[in-house]
file start_28.txt (compact mmCIF, C-alpha atoms and all ligand atoms)
# COMPACT_ATOMS: atom_id res chain seq x y z
CA MET N 1 193.85 270.96 33.30
CA THR N 2 196.87 270.52 35.57
CA GLU N 3 198.07 267.08 36.62
CA ASP N 4 197.38 267.85 40.28
CA LEU N 5 193.78 268.73 39.55
CA SER N 6 193.26 265.55 37.50
CA LEU N 7 194.64 263.56 40.40
CA VAL N 8 192.28 265.23 42.87
CA ILE N 9 189.30 264.55 40.59
CA GLU N 10 190.36 260.91 40.19
CA GLN N 11 190.61 260.56 43.97
CA ALA N 12 187.17 262.14 44.37
CA MET N 13 185.85 259.65 41.80
CA THR N 14 186.71 256.84 44.22
CA GLY N 15 184.43 258.46 46.83
CA ASP N 16 187.22 260.32 48.68
CA LYS N 17 185.43 263.11 50.53
CA ALA N 18 188.60 265.06 51.35
CA ALA N 19 189.49 265.18 47.66
CA PHE N 20 185.96 266.26 46.79
CA SER N 21 186.10 269.09 49.33
CA LYS N 22 189.16 270.42 47.45
CA LEU N 23 187.02 270.49 44.31
CA VAL N 24 184.31 272.40 46.18
CA TRP N 25 186.93 275.00 47.18
CA ARG N 26 188.25 275.16 43.63
CA TYR N 27 184.94 275.59 41.81
CA LYS N 28 182.56 277.10 44.37
CA ASP N 29 182.62 280.66 43.02
CA HIS N 30 182.30 279.59 39.38
CA ILE N 31 179.30 277.44 40.19
CA LEU N 32 177.73 280.06 42.46
CA ASN N 33 178.00 282.75 39.77
CA ILE N 34 176.68 280.55 36.99
CA ALA N 35 173.61 279.83 39.12
CA PHE N 36 173.29 283.51 40.05
CA GLY N 37 173.58 284.60 36.43
CA ILE N 38 170.72 282.33 35.42
CA VAL N 39 168.35 282.76 38.39
CA GLY N 40 169.32 286.31 39.40
CA ASN N 41 168.89 285.69 43.13
CA ALA N 42 171.80 285.30 45.56
CA GLN N 43 170.03 283.02 48.05
CA ASP N 44 168.65 280.74 45.33
CA ALA N 45 172.10 280.64 43.73
CA GLU N 46 173.67 279.46 46.98
CA ASP N 47 171.06 276.71 47.39
CA ILE N 48 171.56 275.60 43.79
CA ALA N 49 175.36 275.55 44.12
CA GLN N 50 175.18 273.40 47.25
CA GLU N 51 172.71 271.04 45.63
CA ALA N 52 174.89 270.81 42.52
CA PHE N 53 177.92 269.79 44.58
CA LEU N 54 175.83 267.30 46.52
CA LYS N 55 174.46 265.76 43.32
CA ALA N 56 177.94 265.66 41.84
CA PHE N 57 179.36 263.88 44.89
CA LEU N 58 176.62 261.29 44.91
CA SER N 59 177.09 260.38 41.25
CA ILE N 60 180.79 261.14 40.66
CA LYS N 61 181.58 257.42 40.34
CA ARG N 62 179.58 257.39 37.11
CA LEU N 63 181.80 260.09 35.56
CA SER N 64 183.72 258.75 32.55
CA SER N 65 186.94 260.76 32.98
CA ALA N 66 188.51 263.44 35.17
CA LYS N 67 188.71 265.73 32.14
CA ALA N 68 184.92 265.89 31.90
CA PHE N 69 184.43 266.91 35.54
CA TYR N 70 184.06 270.69 35.21
CA ARG N 71 181.80 270.47 32.17
CA TRP N 72 179.68 267.87 33.96
CA LEU N 73 179.46 270.00 37.13
CA VAL N 74 178.41 273.03 35.09
CA LYS N 75 175.77 270.93 33.35
CA ILE N 76 174.29 269.87 36.71
CA THR N 77 174.30 273.52 37.85
CA VAL N 78 172.70 274.79 34.65
CA ASN N 79 169.94 272.16 34.83
CA LEU N 80 169.17 272.97 38.47
CA SER N 81 169.22 276.71 37.72
CA ILE N 82 166.86 276.36 34.77
CA ASP N 83 164.47 274.28 36.90
CA LYS N 84 164.60 276.89 39.68
CA LYS N 85 164.10 279.81 37.30
CA THR N 86 161.14 278.06 35.66
CA ALA N 87 159.61 277.32 39.07
CA ASN N 88 160.19 280.93 40.18
CA SER N 89 158.50 282.28 37.08
CA LEU N 90 155.33 280.40 38.08
CA ARG N 91 155.06 281.97 41.54
CA TRP N 92 155.56 285.23 43.37
CA VAL N 93 159.24 286.08 43.64
CA LYS N 94 161.01 288.19 46.25
CA PRO N 95 161.75 291.78 45.17
CA LEU N 96 165.18 292.45 43.67
CA GLU N 97 166.41 294.28 46.78
CA THR N 98 166.69 291.06 48.78
CA ALA N 99 167.98 289.08 45.83
CA LEU N 100 171.29 290.89 45.46
CA PRO N 101 174.45 289.89 47.30
CA LEU N 102 175.41 291.92 50.37
CA ALA N 103 177.44 295.03 49.62
CA ILE N 104 180.93 295.64 50.97
CA SER N 105 180.46 297.64 54.17
CA THR N 106 183.56 299.82 53.77
CA GLN N 107 181.86 301.91 51.09
CA SER N 108 179.73 304.99 51.84
CA PRO N 109 175.92 304.49 51.99
CA GLU N 110 175.47 306.73 48.92
CA LYS N 111 178.00 304.72 46.96
CA ILE N 112 176.36 301.45 48.02
CA ALA N 113 172.91 302.74 47.03
CA GLU N 114 174.18 303.84 43.62
CA GLN N 115 175.91 300.51 43.08
CA ARG N 116 172.72 298.66 44.02
CA GLU N 117 170.71 300.66 41.48
CA GLN N 118 173.18 299.78 38.74
CA GLN N 119 173.20 296.11 39.74
CA LYS N 120 169.41 296.07 39.67
CA LEU N 121 169.51 297.55 36.17
CA VAL N 122 171.79 294.73 34.98
CA ILE N 123 169.71 291.97 36.61
CA ALA N 124 166.50 293.48 35.24
CA ALA N 125 168.05 293.54 31.76
CA LEU N 126 169.07 289.88 32.05
CA ASP N 127 165.52 289.10 33.17
CA ARG N 128 164.25 290.36 29.84
CA LEU N 129 166.21 287.74 27.89
CA THR N 130 164.71 284.34 27.18
CA LEU N 131 165.99 281.60 29.49
CA GLU N 132 167.90 280.01 26.59
CA GLN N 133 169.57 283.28 25.66
CA ARG N 134 170.39 284.06 29.26
CA THR N 135 171.97 280.66 29.91
CA VAL N 136 174.37 280.81 26.95
CA LEU N 137 175.18 284.45 27.65
CA VAL N 138 176.10 283.73 31.28
CA LEU N 139 178.35 280.84 30.28
CA ARG N 140 180.12 282.82 27.54
CA GLU N 141 180.12 286.43 28.75
CA PHE N 142 180.72 285.95 32.46
CA GLN N 143 182.27 282.50 32.78
CA ASP N 144 184.32 282.59 29.59
CA LEU N 145 183.45 279.07 28.48
CA SER N 146 184.22 278.31 24.83
CA TYR N 147 181.43 277.97 22.26
CA GLU N 148 182.30 274.28 21.87
CA GLU N 149 182.08 273.65 25.61
CA ILE N 150 178.72 275.41 25.82
CA ALA N 151 177.41 273.31 22.92
CA LEU N 152 178.52 270.13 24.72
CA ILE N 153 177.08 271.22 28.08
CA LEU N 154 173.68 272.21 26.69
CA ARG N 155 173.69 269.49 24.00
CA ILE N 156 172.80 271.93 21.26
CA PRO N 157 174.54 272.58 17.90
CA LEU N 158 177.42 275.07 17.78
CA GLY N 159 175.44 277.26 15.40
CA THR N 160 172.59 277.51 17.91
CA VAL N 161 175.02 278.57 20.65
CA LYS N 162 176.37 281.36 18.44
CA SER N 163 172.96 282.57 17.32
CA ARG N 164 171.65 282.60 20.90
CA ILE N 165 174.65 284.58 22.14
CA ASN N 166 174.28 287.09 19.31
CA ALA N 167 170.57 287.45 20.00
CA ALA N 168 171.22 287.91 23.72
CA ARG N 169 173.91 290.56 23.12
CA SER N 170 171.79 292.47 20.67
CA ARG N 171 168.83 292.44 23.07
CA LEU N 172 171.00 293.55 26.00
CA TYR N 173 172.41 296.35 23.87
CA ASN N 174 168.93 297.56 23.04
CA ILE N 175 167.89 297.46 26.71
CA LEU N 176 170.99 298.83 28.38
CA ALA N 177 172.37 301.39 25.91
CA PRO N 178 169.38 303.77 25.87
CA GLU N 179 168.87 303.47 29.63
CA ARG N 180 172.43 304.48 30.39
CA LEU N 181 172.58 307.43 28.03
CA MET S 1 187.95 300.75 2.30
CA THR S 2 186.96 297.24 3.40
CA ASN S 3 184.39 294.88 1.99
CA MET S 4 182.49 294.90 5.28
CA ASP S 5 179.15 296.73 5.25
CA CYS S 6 177.73 298.69 8.19
CA LYS S 7 175.08 296.07 9.09
CA THR S 8 177.68 293.29 9.40
CA CYS S 9 180.03 295.56 11.28
CA LYS S 10 177.40 296.62 13.82
CA ALA S 11 176.42 293.01 14.43
CA LEU S 12 180.04 292.26 15.38
CA LEU S 13 180.67 295.23 17.65
CA TRP S 14 179.77 293.56 20.96
CA ALA S 15 182.01 290.57 20.20
CA TYR S 16 184.72 293.08 19.18
CA CYS S 17 184.43 294.86 22.55
CA VAL S 18 184.65 291.70 24.66
CA ASP S 19 187.51 290.27 22.58
CA ASP S 20 185.39 287.47 21.17
CA LEU S 21 186.29 287.85 17.47
CA GLU S 22 188.67 285.93 15.24
CA LYS S 23 191.73 287.86 14.06
CA ASP S 24 190.63 288.48 10.49
CA LEU S 25 187.18 289.76 11.53
CA LEU S 26 188.79 291.92 14.20
CA ALA S 27 191.01 293.50 11.57
CA GLN S 28 188.04 294.08 9.27
CA VAL S 29 186.05 295.80 12.05
CA ASP S 30 189.09 297.94 12.87
CA GLU S 31 189.43 298.93 9.26
CA HIS S 32 185.72 299.68 8.82
CA THR S 33 185.32 301.74 12.01
CA ALA S 34 188.41 303.75 11.11
CA CYS S 35 186.60 305.23 8.15
CA CYS S 36 182.88 304.98 9.11
CA SER S 37 181.71 307.54 11.65
CA SER S 38 178.29 305.90 12.18
CA CYS S 39 179.85 302.56 13.17
CA ARG S 40 182.50 304.34 15.23
CA GLU S 41 179.75 306.08 17.19
CA GLU S 42 178.00 302.78 17.76
CA LEU S 43 181.29 301.23 18.79
CA ASP S 44 181.62 303.86 21.53
CA THR S 45 178.12 303.10 22.82
CA THR S 46 178.78 299.35 22.67
CA THR S 47 182.07 299.74 24.55
CA ALA S 48 180.30 301.73 27.27
CA THR S 49 177.42 299.20 27.40
CA THR S 50 179.64 296.12 27.72
CA ARG S 51 181.75 297.90 30.32
CA PHE S 52 178.61 298.82 32.26
CA LEU S 53 177.39 295.23 32.13
CA HIS S 54 180.66 293.70 33.26
CA THR S 55 181.28 296.28 35.98
CA HIS S 56 177.83 296.07 37.52
CA MET S 57 177.02 292.40 37.14
CA PRO S 58 177.04 291.34 40.83
CA LEU S 59 179.85 288.92 41.58
CA LEU S 60 179.10 286.45 44.35
CA GLN S 61 181.87 285.20 46.57
CA SER S 62 181.32 282.33 48.91
CA ASP S 63 183.27 281.88 52.11
CA HIS S 64 184.29 279.07 54.41
CA SER S 65 180.74 278.61 55.74
CA PHE S 66 179.45 277.81 52.23
CA VAL S 67 181.97 275.00 51.88
CA GLN S 68 181.27 273.75 55.39
CA GLU S 69 177.49 273.69 54.80
CA THR S 70 177.99 271.88 51.49
CA LEU S 71 180.22 269.26 53.09
CA ASP S 72 177.76 268.87 55.99
CA LYS S 73 174.97 268.16 53.51
CA ILE S 74 177.16 265.59 51.79
CA THR S 75 177.95 263.89 55.11
CA LEU S 76 174.25 263.79 55.98
CA THR S 77 173.25 262.02 52.78
CA GLU S 78 176.34 259.90 52.22
CA PRO S 79 175.91 257.10 54.83
CA ALA S 80 172.21 256.77 54.12
CA SER S 81 172.76 256.31 50.42
CA THR S 82 175.47 253.67 50.84
CA LEU S 83 173.76 251.80 53.68
CA LYS S 84 170.22 251.73 52.30
CA PRO S 85 170.74 249.17 49.51
CA ILE S 86 172.71 246.85 51.82
CA ILE S 87 170.02 246.97 54.53
CA GLY S 88 167.34 246.35 51.89
CA ILE S 89 169.18 243.32 50.46
CA ILE S 90 169.76 241.84 53.94
CA LEU S 91 166.08 242.32 54.85
CA ILE S 92 164.91 240.62 51.64
CA LEU S 93 167.33 237.70 52.24
CA ILE S 94 166.07 237.28 55.82
CA ILE S 95 162.43 237.29 54.66
CA ILE S 96 163.17 234.69 51.94
CA LEU S 97 165.05 232.59 54.51
CA LEU S 98 162.15 232.73 56.98
CA ILE S 99 159.55 231.83 54.37
CA GLY S 100 161.76 228.99 53.09
CA LEU S 101 162.35 227.64 56.60
CA LEU S 102 158.62 227.79 57.29
CA ILE S 103 157.85 225.85 54.12
CA ILE S 104 160.33 223.02 54.77
CA SER S 105 159.52 222.81 58.49
CA PRO S 106 157.20 220.04 59.80
CA ILE S 107 154.64 222.60 61.03
CA PHE S 108 154.11 223.61 57.43
CA ILE S 109 152.30 220.37 56.59
CA SER S 110 149.88 220.81 59.50
CA LEU S 111 149.40 224.46 58.54
CA LEU S 112 148.77 223.35 54.97
CA TRP S 113 146.27 220.77 56.16
CA LEU S 114 144.51 223.41 58.18
CA SER S 115 144.37 225.91 55.30
CA ALA S 116 143.37 223.15 52.90
CA ASN S 117 140.51 222.17 55.16
CA ILE S 118 139.39 225.78 55.48
CA LEU S 119 139.63 226.27 51.71
CA PHE S 120 137.87 222.97 51.10
CA THR S 121 134.93 223.92 53.28
CA LEU S 122 134.83 227.43 51.88
CA VAL S 123 135.37 227.04 48.11
CA GLN S 124 136.00 223.31 47.73
CA GLN S 125 139.55 223.86 46.37
CA GLY S 126 141.47 222.10 49.18
CA ALA S 127 142.60 219.19 46.99
CA LEU S 128 144.59 221.56 44.76
CA VAL S 129 146.54 222.91 47.75
CA ILE S 130 147.45 219.41 48.94
CA LYS S 131 148.55 218.39 45.43
CA THR S 132 150.89 221.36 45.00
CA ALA S 133 152.48 221.01 48.46
CA PRO S 134 155.40 218.69 47.45
CA LEU S 135 156.24 220.89 44.45
CA LEU S 136 156.28 223.93 46.73
CA GLN S 137 158.64 222.15 49.11
CA ILE S 138 161.04 221.13 46.33
CA ILE S 139 161.16 224.73 45.01
CA SER S 140 161.73 226.11 48.52
CA GLY S 141 164.47 223.58 49.18
CA THR S 142 166.27 224.59 45.97
CA ILE S 143 165.97 228.32 46.71
CA LEU S 144 167.22 227.79 50.26
CA THR S 145 170.25 225.82 49.07
CA ALA S 146 171.09 228.55 46.55
CA LEU S 147 170.65 231.19 49.23
CA LEU S 148 172.90 229.33 51.62
CA PHE S 149 175.54 229.10 48.91
CA ILE S 150 175.31 232.86 48.18
CA VAL S 151 175.56 233.71 51.89
CA LEU S 152 178.61 231.47 52.32
CA VAL S 153 180.34 232.96 49.26
CA SER S 154 179.61 236.52 50.50
CA ILE S 155 180.97 235.73 53.95
CA ARG S 156 184.12 234.27 52.39
CA ARG S 157 184.60 237.32 50.16
CA LEU S 158 184.07 239.70 53.11
CA ALA S 159 186.56 237.75 55.20
CA MET S 160 189.12 237.85 52.36
CA ARG S 161 188.64 241.62 52.05
CA CYS S 162 189.06 242.08 55.81
CA ILE S 163 192.27 240.04 55.77
CA ALA S 164 193.58 242.02 52.76
ZN ZN Z 201 179.69 301.56 9.05
call {"tool": "encode", "arguments": {"input": "start_28.txt", "output": "structure tokens"}}
result
Amino acid sequence: MTEDLSLVIEQAMTGDKAAFSKLVWRYKDHILNIAFGIVGNAQDAEDIAQEAFLKAFLSIKRLSSAKAFYRWLVKITVNLSIDKKTANSLRWVKPLETALPLAISTQSPEKIAEQREQQKLVIAALDRLTLEQRTVLVLREFQDLSYEEIALILRIPLGTVKSRINAARSRLYNILAPERL
Amino acid sequence: MTNMDCKTCKALLWAYCVDDLEKDLLAQVDEHTACCSSCREELDTTTATTRFLHTHMPLLQSDHSFVQETLDKITLTEPASTLKPIIGIILILIIILLIGLLIISPIFISLLWLSANILFTLVQQGALVIKTAPLLQIISGTILTALLFIVLVSIRRLAMRCIA
């Protein structure tokens, strides 16, 4: 972590809103994509990310050190995402079409349609993992967090993190490899 | 030929593809796949699968409006959360003050007489109310003095902070 960033976090810890807004700019896409990876819905992910930042701002004074900020923010996001995903699994959920992010309009309609199909395939594959497997996979595979960090965030043993990631990868391989070939 | 068997090698292929293996294991997979066609074939499929996953996993990007909405939500909740406890404490203090003032005021004795009479006629417990009245007044007096002290100290502290 750079010194500048530590300083910004420390300022935010005193309740400085301007400093906190810098942190929102810095981490918004990480947080948004962690939530999206777990819930698989762009609109839900945006709501979760905003709520996570709000929760973080309201309780940032309780944070022990600036170093722990990102891990703590991810933990809030993961908890909110798991709650949302669990709630979604108990009710009717919007079809995948509306759940994906908007495509870039410069591409041709055929290209966009093809891209959407492939994105749907990936999201559907992630949906077939257990929520535990999916959470660790998103943090490792797409957000590049270390095994140790994931263990600390989810408060599970390192061995469990590794076994869940291996299980998730093996399941994804079995789902995606035959479908693509 | 390495010591690694096909089962172990295949279990490590995904991690190998996404560069998530320690150096020695990486070297062992390299060595094994160089001379095992079955694992090499599976390595090709795994490479294609991980590439497919990473290429087509939708990547969300938020813009200025996301940040603005987030900060707006923070602004909406922020004053309420910091003001609420203070308002609550002030309200409680005022209520205690009013009750205390009522108890030590001269009207209280007449009110007590009235309620004692009512209670006496209703359940014949009026004497108990009259007996406890002085005790009640002593307790109220003490609480009021303490309260006054707290209020004065708070005012002094606030004034000091304002001056600083
Ligand atoms: Zn082999």
call {"tool": "interface_residues", "arguments": {"input": "start_28.txt", "of": "chain S", "to": "chain N", "cutoff": "12 Å", "atoms": "all atoms listed in the file", "output": "PyMOL selection string"}}
result
chain S and resi 10-21+42-82
call {"tool": "residues_around", "arguments": {"input": "start_28.txt", "residues": "range 61-69 of chain N", "least_positions_apart": "6", "cutoff": "12 Å", "atoms": "all atoms listed in the file", "output": "list of chain:residue names"}}
result
N:Met1, N:Thr2, N:Glu3, N:Asp4, N:Leu5, N:Ser6, N:Leu7, N:Val8, N:Ile9, N:Glu10, N:Gln11, N:Ala12, N:Met13, N:Thr14, N:Gly15, N:Asp16, N:Phe20, N:Leu23, N:Val24, N:Tyr27, N:Phe53, N:Lys55, N:Lys75, N:Ile76, N:Glu149, N:Leu152, N:Ile153
call {"tool": "atom_distance", "arguments": {"input": "start_28.txt", "atom1": "CA of His32 in chain S", "atom2": "CA of Cys9 in chain S"}}
result
7.4 Å
call {"tool": "atom_distance", "arguments": {"input": "start_28.txt", "atom1": "CA of Ile87 in chain S", "atom2": "CA of Ser105 in chain S"}}
result
26.6 Å
call {"tool": "closest_atom_pairs", "arguments": {"input": "start_28.txt", "of": "chain S", "to": "ligand ZN 201 (chain Z)", "cutoff": "10 Å", "atoms": "only C-alpha atoms and all ligand atoms", "output": "JSON lines"}}
result
{"residue": "S:Met4", "atom": "CA", "partner": "Z:ZN201", "partner_atom": "ZN", "distance": 8.1}
{"residue": "S:Asp5", "atom": "CA", "partner": "Z:ZN201", "partner_atom": "ZN", "distance": 6.2}
{"residue": "S:Cys6", "atom": "CA", "partner": "Z:ZN201", "partner_atom": "ZN", "distance": 3.6}
{"residue": "S:Lys7", "atom": "CA", "partner": "Z:ZN201", "partner_atom": "ZN", "distance": 7.2}
{"residue": "S:Thr8", "atom": "CA", "partner": "Z:ZN201", "partner_atom": "ZN", "distance": 8.5}
{"residue": "S:Cys9", "atom": "CA", "partner": "Z:ZN201", "partner_atom": "ZN", "distance": 6.4}
{"residue": "S:Lys10", "atom": "CA", "partner": "Z:ZN201", "partner_atom": "ZN", "distance": 7.2}
{"residue": "S:Val29", "atom": "CA", "partner": "Z:ZN201", "partner_atom": "ZN", "distance": 9.1}
{"residue": "S:His32", "atom": "CA", "partner": "Z:ZN201", "partner_atom": "ZN", "distance": 6.3}
{"residue": "S:Thr33", "atom": "CA", "partner": "Z:ZN201", "partner_atom": "ZN", "distance": 6.4}
{"residue": "S:Ala34", "atom": "CA", "partner": "Z:ZN201", "partner_atom": "ZN", "distance": 9.2}
{"residue": "S:Cys35", "atom": "CA", "partner": "Z:ZN201", "partner_atom": "ZN", "distance": 7.9}
{"residue": "S:Cys36", "atom": "CA", "partner": "Z:ZN201", "partner_atom": "ZN", "distance": 4.7}
{"residue": "S:Ser37", "atom": "CA", "partner": "Z:ZN201", "partner_atom": "ZN", "distance": 6.8}
{"residue": "S:Ser38", "atom": "CA", "partner": "Z:ZN201", "partner_atom": "ZN", "distance": 5.5}
{"residue": "S:Cys39", "atom": "CA", "partner": "Z:ZN201", "partner_atom": "ZN", "distance": 4.2}
{"residue": "S:Arg40", "atom": "CA", "partner": "Z:ZN201", "partner_atom": "ZN", "distance": 7.3}
{"residue": "S:Glu41", "atom": "CA", "partner": "Z:ZN201", "partner_atom": "ZN", "distance": 9.3}
{"residue": "S:Glu42", "atom": "CA", "partner": "Z:ZN201", "partner_atom": "ZN", "distance": 9.0}
{"residue": "S:Leu43", "atom": "CA", "partner": "Z:ZN201", "partner_atom": "ZN", "distance": 9.9}
call {"tool": "atom_distance", "arguments": {"input": "start_28.txt", "atom1": "CA of Val78 in chain N", "atom2": "CA of Ala35 in chain N"}}
result
6.8 Å
call {"tool": "residues_around", "arguments": {"input": "start_28.txt", "residues": "Leu154 in chain N", "least_positions_apart": "6", "cutoff": "12 Å", "atoms": "only C-alpha atoms", "output": "list in words"}}
result
Arg71, Trp72, Val74, Lys75, Ile76, Thr77, Val78, Asn79, Ile82, Glu132, Gln133, Thr135, Val136, Leu139, Tyr147, Glu148, Thr160 and Val161 of chain N
